[in-house]
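Shown next: entry35.csv, given as CSV, C-alpha atoms.
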```csv
chain,number,residue,atom,x,y,z
A,1,GLY,CA,22.1,45.0,150.1
A,2,SER,CA,19.6,46.0,152.9
A,3,TYR,CA,16.0,44.9,153.3
A,4,GLY,CA,14.8,48.3,154.4
A,5,HIS,CA,13.6,48.7,158.0
A,6,ARG,CA,14.5,45.7,160.1
A,7,GLY,CA,12.9,47.1,163.2
A,8,HIS,CA,9.3,48.5,162.8
A,9,ASP,CA,5.9,48.2,164.3
A,10,ARG,CA,3.3,45.7,163.2
A,11,GLY,CA,0.9,48.3,162.0
A,12,HIS,CA,-2.5,46.8,161.7
A,13,HIS,CA,-1.1,43.4,162.6
A,14,GLY,CA,-0.7,44.6,166.2
A,15,GLY,CA,2.3,44.6,168.6
A,16,SER,CA,5.5,46.5,168.3
A,17,ASN,CA,9.0,45.4,167.4
A,18,GLY,CA,11.1,48.6,167.0
A,19,PRO,CA,10.8,52.2,166.0
A,20,GLN,CA,7.6,53.5,164.6
A,21,MET,CA,7.3,53.8,160.8
A,22,THR,CA,6.4,57.1,159.1
A,23,GLU,CA,3.0,57.4,157.6
A,24,GLU,CA,4.6,57.3,154.2
A,25,GLU,CA,6.2,54.0,155.0
A,26,GLU,CA,3.0,52.6,156.3
A,27,LEU,CA,1.2,53.7,153.1
A,28,ARG,CA,3.8,52.1,150.9
A,29,ARG,CA,3.3,48.8,152.7
A,30,ASP,CA,-0.5,49.0,152.5
A,31,ASN,CA,-0.4,49.8,148.8
A,32,ALA,CA,2.2,47.2,147.9
A,33,PRO,CA,0.9,44.8,145.1
A,34,ARG,CA,-0.4,41.6,146.5
A,35,GLU,CA,1.3,38.3,145.5
A,36,GLN,CA,1.4,34.7,146.7
A,37,GLY,CA,4.2,32.3,147.6
A,38,PHE,CA,5.5,29.6,149.8
A,39,VAL,CA,7.7,29.8,152.9
A,40,ARG,CA,11.2,28.7,151.8
A,41,SER,CA,13.2,28.9,155.0
A,42,LEU,CA,12.9,30.2,158.6
A,43,LYS,CA,15.3,31.8,161.0
A,44,ASP,CA,14.9,33.3,164.5
A,45,THR,CA,13.1,36.5,163.6
A,46,TYR,CA,12.8,36.3,159.8
A,47,GLY,CA,12.5,34.0,156.8
A,48,PHE,CA,12.4,33.8,153.0
A,49,LEU,CA,9.5,32.9,150.8
A,50,GLN,CA,9.3,31.9,147.1
A,51,ASN,CA,7.0,33.7,144.7
A,52,ALA,CA,4.5,31.2,143.2
A,53,ASP,CA,4.8,32.7,139.7
A,54,SER,CA,8.4,33.7,139.2
A,55,GLU,CA,10.1,31.5,141.8
A,56,THR,CA,12.0,34.6,143.0
A,57,GLU,CA,12.8,34.5,146.8
A,58,TYR,CA,11.9,37.4,149.1
A,59,PHE,CA,12.9,38.3,152.7
A,60,PHE,CA,10.1,38.8,155.2
A,61,HIS,CA,10.3,39.7,158.9
A,62,TYR,CA,8.1,38.0,161.5
A,63,SER,CA,6.7,41.4,162.5
A,64,GLU,CA,4.8,41.4,159.2
A,65,LEU,CA,2.5,38.6,160.5
A,66,LYS,CA,0.2,38.2,163.5
A,67,ASP,CA,1.7,36.4,166.5
A,68,ASP,CA,-0.4,33.3,166.1
A,69,GLU,CA,0.5,33.0,162.5
A,70,VAL,CA,4.2,33.2,163.2
A,71,GLU,CA,3.8,30.1,165.4
A,72,SER,CA,2.2,28.2,162.5
A,73,LEU,CA,5.0,28.9,160.0
A,74,ARG,CA,6.6,25.9,158.4
A,75,PRO,CA,8.6,25.5,155.2
A,76,GLY,CA,5.9,25.2,152.5
A,77,THR,CA,3.4,27.3,154.3
A,78,GLU,CA,1.3,29.3,151.8
A,79,ILE,CA,1.5,33.1,152.2
A,80,GLU,CA,-0.1,36.1,150.6
A,81,TYR,CA,2.0,39.2,150.9
A,82,GLY,CA,2.6,42.7,149.6
A,83,LEU,CA,5.8,43.1,147.5
A,84,LEU,CA,7.6,46.2,148.7
A,85,VAL,CA,10.0,47.0,145.8
A,86,GLY,CA,13.4,48.5,146.8
A,87,ARG,CA,13.7,52.2,146.0
A,88,HIS,CA,17.4,52.1,145.2
A,89,PRO,CA,19.9,49.5,144.0
A,90,ASN,CA,21.1,48.6,147.5
A,91,GLU,CA,17.6,48.1,148.9
A,92,LYS,CA,16.2,44.7,148.0
A,93,SER,CA,12.6,44.0,147.5
A,94,MET,CA,10.8,42.3,150.5
A,95,ALA,CA,7.5,40.8,151.5
A,96,VAL,CA,5.3,42.8,153.8
A,97,ARG,CA,1.8,42.6,155.3
A,98,CYS,CA,2.0,38.8,155.1
A,99,VAL,CA,-1.1,36.6,155.7
A,100,VAL,CA,-1.0,32.8,156.1
A,101,LEU,CA,-3.4,31.1,153.7
A,102,PRO,CA,-5.2,27.8,154.1
A,103,LYS,CA,-3.3,24.9,152.7
A,104,GLY,CA,-4.3,24.3,149.1
A,105,THR,CA,-5.2,27.9,148.3
A,106,ILE,CA,-2.4,28.4,145.9
A,107,LYS,CA,-2.9,26.5,142.6
A,108,MET,CA,0.5,25.9,140.9
A,109,GLU,CA,-1.3,24.6,137.8
A,110,GLU,CA,-4.4,25.9,136.1
A,111,ASP,CA,-6.7,23.9,133.9
A,112,VAL,CA,-6.5,24.7,130.1
A,113,ALA,CA,-8.8,22.0,128.8
A,114,LYS,CA,-10.7,19.0,130.2
A,115,GLY,CA,-11.8,15.7,128.7
A,116,VAL,CA,-9.4,15.9,125.7
A,117,GLU,CA,-9.3,12.7,123.5
A,118,GLY,CA,-5.8,11.4,122.8
A,119,ILE,CA,-3.6,8.5,121.8
A,120,ILE,CA,-0.6,7.3,123.9
A,121,VAL,CA,2.5,7.8,121.7
A,122,ARG,CA,5.2,7.0,124.3
A,123,GLU,CA,4.9,4.7,127.3
A,124,LEU,CA,6.1,5.6,130.8
A,125,ARG,CA,9.7,5.0,131.8
A,126,GLU,CA,10.9,4.1,135.2
A,127,SER,CA,13.5,6.2,137.1
A,128,ARG,CA,16.7,4.4,137.8
A,129,ASP,CA,16.5,4.8,141.6
A,130,HIS,CA,18.2,1.8,143.3
A,131,ASP,CA,15.5,2.0,146.0
A,132,ARG,CA,12.6,0.2,144.4
A,133,HIS,CA,10.1,1.9,146.8
A,134,ARG,CA,11.2,5.3,145.4
A,135,LYS,CA,11.0,4.5,141.7
A,136,GLU,CA,8.8,6.9,139.8
A,137,ALA,CA,7.3,6.5,136.3
A,138,TYR,CA,7.9,9.5,134.0
A,139,GLY,CA,8.3,10.6,130.4
A,140,GLY,CA,5.0,9.4,129.0
A,141,ARG,CA,3.6,11.3,126.0
A,142,VAL,CA,0.0,11.5,124.8
A,143,LYS,CA,-1.1,13.1,121.5
A,144,LYS,CA,-4.2,15.1,121.2
A,145,VAL,CA,-6.6,13.8,118.5
A,146,SER,CA,-6.8,16.5,115.9
A,147,ASP,CA,-9.5,16.9,113.2
A,148,ALA,CA,-7.0,18.8,111.0
A,149,SER,CA,-5.0,16.9,108.4
A,150,GLY,CA,-1.6,17.7,107.1
A,151,SER,CA,-0.4,19.3,110.3
A,152,SER,CA,3.2,20.7,110.3
A,153,GLU,CA,5.9,19.3,112.5
A,154,LYS,CA,5.6,22.3,114.9
A,155,GLU,CA,1.8,21.7,115.1
A,156,GLU,CA,2.4,18.0,115.8
A,157,ARG,CA,4.7,18.9,118.7
A,158,GLU,CA,2.1,21.3,120.1
A,159,LEU,CA,-0.5,18.5,120.1
A,160,THR,CA,1.7,16.2,122.2
A,161,PHE,CA,1.8,16.5,126.0
A,162,GLN,CA,4.0,14.9,128.6
A,163,PHE,CA,2.7,13.0,131.7
A,164,GLY,CA,4.0,11.0,134.6
A,165,GLY,CA,2.9,8.0,136.6
A,166,GLU,CA,1.0,10.2,139.1
A,167,ASP,CA,-1.1,11.6,136.3
A,168,VAL,CA,-2.7,8.2,135.4
A,169,LEU,CA,-6.1,7.4,136.9
A,170,ARG,CA,-7.2,3.9,137.9
A,171,HIS,CA,-9.5,2.1,135.6
A,172,GLU,CA,-12.4,0.2,137.2
A,173,GLY,CA,-10.5,0.1,140.5
A,174,VAL,CA,-7.4,-1.4,138.9
A,175,LYS,CA,-4.1,0.3,138.2
A,176,TYR,CA,-3.9,1.3,134.5
A,177,THR,CA,-0.6,1.1,132.6
A,178,PRO,CA,-0.7,3.2,129.4
A,179,HIS,CA,0.4,1.3,126.3
A,180,GLU,CA,1.3,2.8,123.0
A,181,GLY,CA,-1.7,3.2,120.8
A,182,ASP,CA,-4.3,3.2,123.7
A,183,THR,CA,-7.1,5.7,123.4
A,184,VAL,CA,-7.5,7.9,126.5
A,185,THR,CA,-9.0,11.1,127.7
A,186,PHE,CA,-6.9,13.7,129.6
A,187,ASP,CA,-6.9,17.2,131.0
A,188,ILE,CA,-4.3,19.8,130.0
A,189,VAL,CA,-2.9,22.1,132.7
A,190,VAL,CA,-0.4,24.9,132.5
A,191,SER,CA,2.3,25.6,135.2
A,192,ARG,CA,2.1,29.1,136.8
A,193,GLY,CA,5.9,29.4,137.0
A,194,SER,CA,7.0,28.1,133.6
A,195,SER,CA,3.8,28.4,131.5
A,196,ALA,CA,4.6,24.9,130.3
A,197,GLU,CA,1.6,22.7,129.4
A,198,ARG,CA,1.3,19.0,130.3
A,199,ALA,CA,-1.3,16.2,130.5
A,200,THR,CA,-2.9,14.9,133.7
A,201,ARG,CA,-5.8,12.8,134.8
A,202,ILE,CA,-5.2,10.2,132.1
A,203,GLN,CA,-8.3,8.1,131.8
A,204,PHE,CA,-8.3,4.8,129.8
A,205,VAL,CA,-10.9,4.5,127.0
A,206,LYS,CA,-9.9,1.8,124.6
A,207,ALA,CA,-6.9,-0.5,124.2
A,208,ALA,CA,-4.7,-0.3,121.0
A,209,GLU,CA,-6.1,-2.3,118.1
A,210,LYS,CA,-4.0,-5.3,117.2
A,211,GLU,CA,-3.4,-6.2,113.6
A,212,PRO,CA,-4.8,-9.6,112.6
A,213,ASP,CA,-2.3,-12.5,112.4
A,214,VAL,CA,-0.8,-13.2,109.0
A,215,ARG,CA,0.2,-16.8,108.9
A,216,GLU,CA,2.8,-18.3,106.5
A,217,THR,CA,4.3,-21.6,105.9
A,218,GLY,CA,8.0,-22.5,105.6
A,219,THR,CA,10.7,-25.1,106.0
A,220,VAL,CA,13.2,-25.2,108.8
A,221,SER,CA,16.5,-24.6,106.9
A,222,ALA,CA,18.9,-24.4,109.8
A,223,VAL,CA,18.9,-25.4,113.5
A,224,LYS,CA,21.4,-24.2,116.1
A,225,GLU,CA,21.6,-24.9,119.9
A,226,ASN,CA,18.3,-23.2,120.8
A,227,PHE,CA,17.3,-21.3,117.6
A,228,GLY,CA,17.1,-21.7,113.9
A,229,PHE,CA,15.9,-20.3,110.6
A,230,ILE,CA,12.8,-20.9,108.5
A,231,LYS,CA,12.8,-20.6,104.7
A,232,CYS,CA,9.5,-19.0,103.6
A,233,CYS,CA,7.5,-20.8,100.9
A,234,ASP,CA,5.8,-17.7,99.4
A,235,ARG,CA,8.7,-15.3,99.4
A,236,ASP,CA,12.5,-15.5,99.1
A,237,ASP,CA,13.3,-14.8,102.7
A,238,ARG,CA,14.5,-16.6,105.9
A,239,VAL,CA,13.0,-15.9,109.3
A,240,PHE,CA,14.8,-16.3,112.6
A,241,PHE,CA,13.0,-18.3,115.4
A,242,HIS,CA,13.7,-19.4,118.9
A,243,PHE,CA,12.7,-22.8,120.2
A,244,SER,CA,10.6,-21.1,122.9
A,245,GLU,CA,8.2,-19.8,120.3
A,246,PHE,CA,6.9,-23.3,119.4
A,247,ALA,CA,3.4,-24.0,120.8
A,248,ASP,CA,4.6,-27.6,121.6
A,249,LYS,CA,7.4,-26.9,124.1
A,250,ASN,CA,8.5,-30.6,123.7
A,251,HIS,CA,9.0,-30.3,120.0
A,252,MET,CA,12.6,-30.3,118.8
A,253,PRO,CA,12.7,-28.8,115.3
A,254,ARG,CA,14.9,-30.5,112.7
A,255,THR,CA,16.1,-29.4,109.3
A,256,GLY,CA,13.3,-30.0,106.8
A,257,ASP,CA,10.5,-29.6,109.3
A,258,ASN,CA,7.5,-27.6,108.0
A,259,SER,CA,6.4,-24.7,110.2
A,260,GLU,CA,4.1,-21.7,110.2
A,261,PRO,CA,5.9,-18.5,111.2
A,262,SER,CA,3.7,-15.6,112.3
A,263,THR,CA,4.8,-12.3,110.7
A,264,THR,CA,2.4,-10.0,112.5
A,265,SER,CA,3.9,-6.6,113.5
A,266,GLU,CA,3.5,-7.7,117.2
A,267,ALA,CA,5.5,-10.9,116.9
A,268,ILE,CA,8.3,-9.5,114.8
A,269,ARG,CA,11.2,-8.1,116.8
A,270,VAL,CA,14.0,-6.6,114.9
A,271,THR,CA,17.4,-7.3,116.5
A,272,LYS,CA,20.7,-6.6,114.7
A,273,GLY,CA,18.9,-6.7,111.3
A,274,GLN,CA,17.2,-10.1,111.8
A,275,GLU,CA,13.5,-10.7,111.8
A,276,GLN,CA,12.4,-12.8,114.7
A,277,ALA,CA,9.0,-14.4,114.3
A,278,ALA,CA,6.8,-16.5,116.6
A,279,SER,CA,6.4,-20.0,115.3
A,280,THR,CA,4.1,-23.0,115.8
A,281,SER,CA,4.7,-26.5,114.8
A,282,VAL,CA,2.3,-27.9,112.1
A,283,PRO,CA,1.6,-31.6,111.1
A,284,GLN,CA,4.7,-33.3,109.7
A,285,HIS,CA,4.9,-33.9,106.0
A,286,ARG,CA,7.2,-35.9,103.8
A,287,ARG,CA,10.0,-33.9,102.4
A,288,GLY,CA,9.0,-32.4,99.1
A,289,ASP,CA,5.3,-32.2,99.9
A,290,GLN,CA,3.5,-28.9,99.0
A,291,LEU,CA,1.6,-27.1,101.6
A,292,GLN,CA,-1.5,-24.9,101.8
A,293,SER,CA,-0.6,-21.2,102.3
A,294,PRO,CA,-3.2,-19.0,104.1
A,295,GLN,CA,-2.0,-16.1,102.0
A,296,GLY,CA,-1.3,-17.6,98.6
A,297,GLY,CA,-4.0,-20.3,98.3
A,298,ALA,CA,-3.4,-23.9,97.1
A,299,GLN,CA,0.1,-24.8,96.0
A,300,GLY,CA,-0.6,-28.4,95.0
A,301,ASP,CA,-2.1,-31.5,96.4
A,302,GLN,CA,-1.5,-31.6,100.2
A,303,ASP,CA,-0.9,-35.0,101.8
A,304,GLN,CA,-2.6,-35.8,105.1
A,305,ALA,CA,-0.4,-35.8,108.2
A,306,ASP,CA,1.0,-39.1,109.2
```

Structure re-expressed in structure tokens:
Amino acid sequence: GSYGHRGHDRGHHGGSNGPQMTEEEELRRDNAPREQGFVRSLKDTYGFLQNADSETEYFFHYSELKDDEVESLRPGTEIEYGLLVGRHPNEKSMAVRCVVLPKGTIKMEEDVAKGVEGIIVRELRESRDHDRHRKEAYGGRVKKVSDASGSSEKEERELTFQFGGEDVLRHEGVKYTPHEGDTVTFDIVVSRGSSAERATRIQFVKAAEKEPDVRETGTVSAVKENFGFIKCCDRDDRVFFHFSEFADKNHMPRTGDNSEPSTTSEAIRVTKGQEQAASTSVPQHRRGDQLQSPQGGAQGDQDQAD
């Protein structure tokens, strides 16, 4: 298809580059609806720009700009232009009466809400770029704190917004890494092109609250090369442990040792169906002694440690 008149004067832009246009053609250009976009590519006498809202590309001729503006054109240059719509199927729409805009004039995102309170529900992931200098954090999600209870699944999705590493602000001059459960404030912006909403300017408020430790007592029931199992005193269960979890790194657990496994939600890591609990060695007792359980109270007379 054609782009209309390739050779035409510059009208109010000055200069001449071909045959004079009719008054009707000049009027069409002057009255063309104004839009904004970015220079996509440049050739010898023409180029293409991308509309900021629809991402559609349009042809433009250098004669539609002032001479000094043509010299400043680069890919990414912000342009305001008139959209001259083709009058028949073979005539493509094109950009006319183009004006170069100061950098930063076109806002690709518009603020929807500021200072929204939320909770981090998914931590950032790191892209798998082999160049460590080019790795980017992405895929974080923050949920808006809602006063409404009993929200539907759809409403829950609408309250959750995605963010990337570049959207996280520093906290007291230090890089902040969002963790699941952290309380934050954030702004919601909408994209001009896709109308999709996302979170940005993530500001740390409060770290996620940790559940208090729940300590239990048990007996080492099995020992392998570098791990073992503890039989719990207060419940019919065995808990996996690794030697590295002992506070005394020099302690070598033996079958029959009494230990305190921690069963907090933080310490437990489920792997292939096994519970793994952090453990600390406690004073050694003679086999058969009864121990004090922080959860269940006295279980009998407790002997003093040797």

Closest of A:Gln50, A:Ser244, A:Thr22, A:Ser221 to Ile79 of chain A - atom-to-atom distances counting all atoms listed in the file
A:Gln50

Just checking: using all atoms listed in the file, which residue out of A:Arg141, A:Val190, A:Arg34, A:Glu123 ends up closest to Tyr176 of chain A?
A:Glu123

I'd like the interatomic distance between atom CA of Ala196 of chain A and atom CA of Gly37 of chain A, to a tenth of an Å.
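Between atom CA of Ala196 of chain A and atom CA of Gly37 of chain A the gap works out to 18.8 Å.
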
What's the 10 Å shell around segment 90-96 of chain A, counting only C-alpha atoms, without same-chain residues fewer than 2 positions away, as a PyMOL selection string?
chain A and resi 1-5+28-30+32-37+47-49+51+57-65+79-88+98-99

Using all atoms listed in the file: which of A:Ser41, A:Thr185, A:Ser191, A:Asn226 has the shortest distance to Lys206 of chain A
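Answer, going by the shortest atom-to-atom distance: A:Thr185.
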
So, with all atoms listed in the file as the atoms that count, which of A:Phe227, A:Arg254, A:Gly181, A:Ile119 lies closest to Phe241 of chain A?
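Counting all atoms listed in the file, the residue closest to Phe241 of chain A is A:Phe227.
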
Rounded to one decimal, what separation in Å do you get between atom CA of Val39 of chain A and atom CA of Asp187 of chain A?
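Rounded to one decimal, the two atoms are 29.2 Å apart.
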
Residues at most 10 Å from Arg74 of chain A, counting only C-alpha atoms, excluding those fewer than 3 positions away in the same chain, as an MDAnalysis selection string?
chainID A and resid 38:42 70:71 77:78

Write out as a PDB file with C-alpha atoms, in the frame of the given file each polymer residue whose atoms come within 9 Å of Gly140 of chain A, counting only C-alpha atoms; drop sequence neighbours fewer than 6 positions from it.
```
ATOM      1  CA  ILE A 120      -0.600   7.300 123.900  1.00  0.00           C
ATOM      2  CA  VAL A 121       2.500   7.800 121.700  1.00  0.00           C
ATOM      3  CA  ARG A 122       5.200   7.000 124.300  1.00  0.00           C
ATOM      4  CA  GLU A 123       4.900   4.700 127.300  1.00  0.00           C
ATOM      5  CA  LEU A 124       6.100   5.600 130.800  1.00  0.00           C
ATOM      6  CA  ARG A 125       9.700   5.000 131.800  1.00  0.00           C
ATOM      7  CA  PHE A 161       1.800  16.500 126.000  1.00  0.00           C
ATOM      8  CA  GLN A 162       4.000  14.900 128.600  1.00  0.00           C
ATOM      9  CA  PHE A 163       2.700  13.000 131.700  1.00  0.00           C
ATOM     10  CA  GLY A 164       4.000  11.000 134.600  1.00  0.00           C
ATOM     11  CA  GLY A 165       2.900   8.000 136.600  1.00  0.00           C
ATOM     12  CA  PRO A 178      -0.700   3.200 129.400  1.00  0.00           C
TER      13      PRO A 178
END
```

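In this model, the gap between atom CA of Gly193 of chain A and atom CA of Glu69 of chain A comes to 26.3 Å.
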
Please work out which residues fall within 6 Å of (9.3, 7.9, 135.2), coordinates as given in the file, with only C-alpha atoms counting, and return them as a PyMOL selection string.
chain A and resi 124-127+136-139

Counting all atoms listed in the file, the residue among A:Val100, A:Glu245, A:Thr45, A:Thr183 that lies closest to Lys66 of chain A is A:Val100

Using all atoms listed in the file, which residue out of A:Arg192, A:Asp67, A:His171, A:Glu23 lies closest to Ile106 of chain A?
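Looking at the shortest contact to Ile106 of chain A, the residue is A:Arg192.
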
Residue neighbourhood Ser194 of chain A, 12 Å, only C-alpha atoms, exclusion window fewer than 6 positions, as a PyMOL selection string:
chain A and resi 52-55+108-110

List as a list in words the protein and nucleic acid residues near Arg201 of chain A, meaning an atom at most 7 Å away when only C-alpha atoms are counted, but skip any in the same chain fewer than 2 places from it.
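Near neighbours after the sequence-gap exclusion: Asp167, Val168, Leu169, Phe186, Asp187 and Gln203 of chain A.
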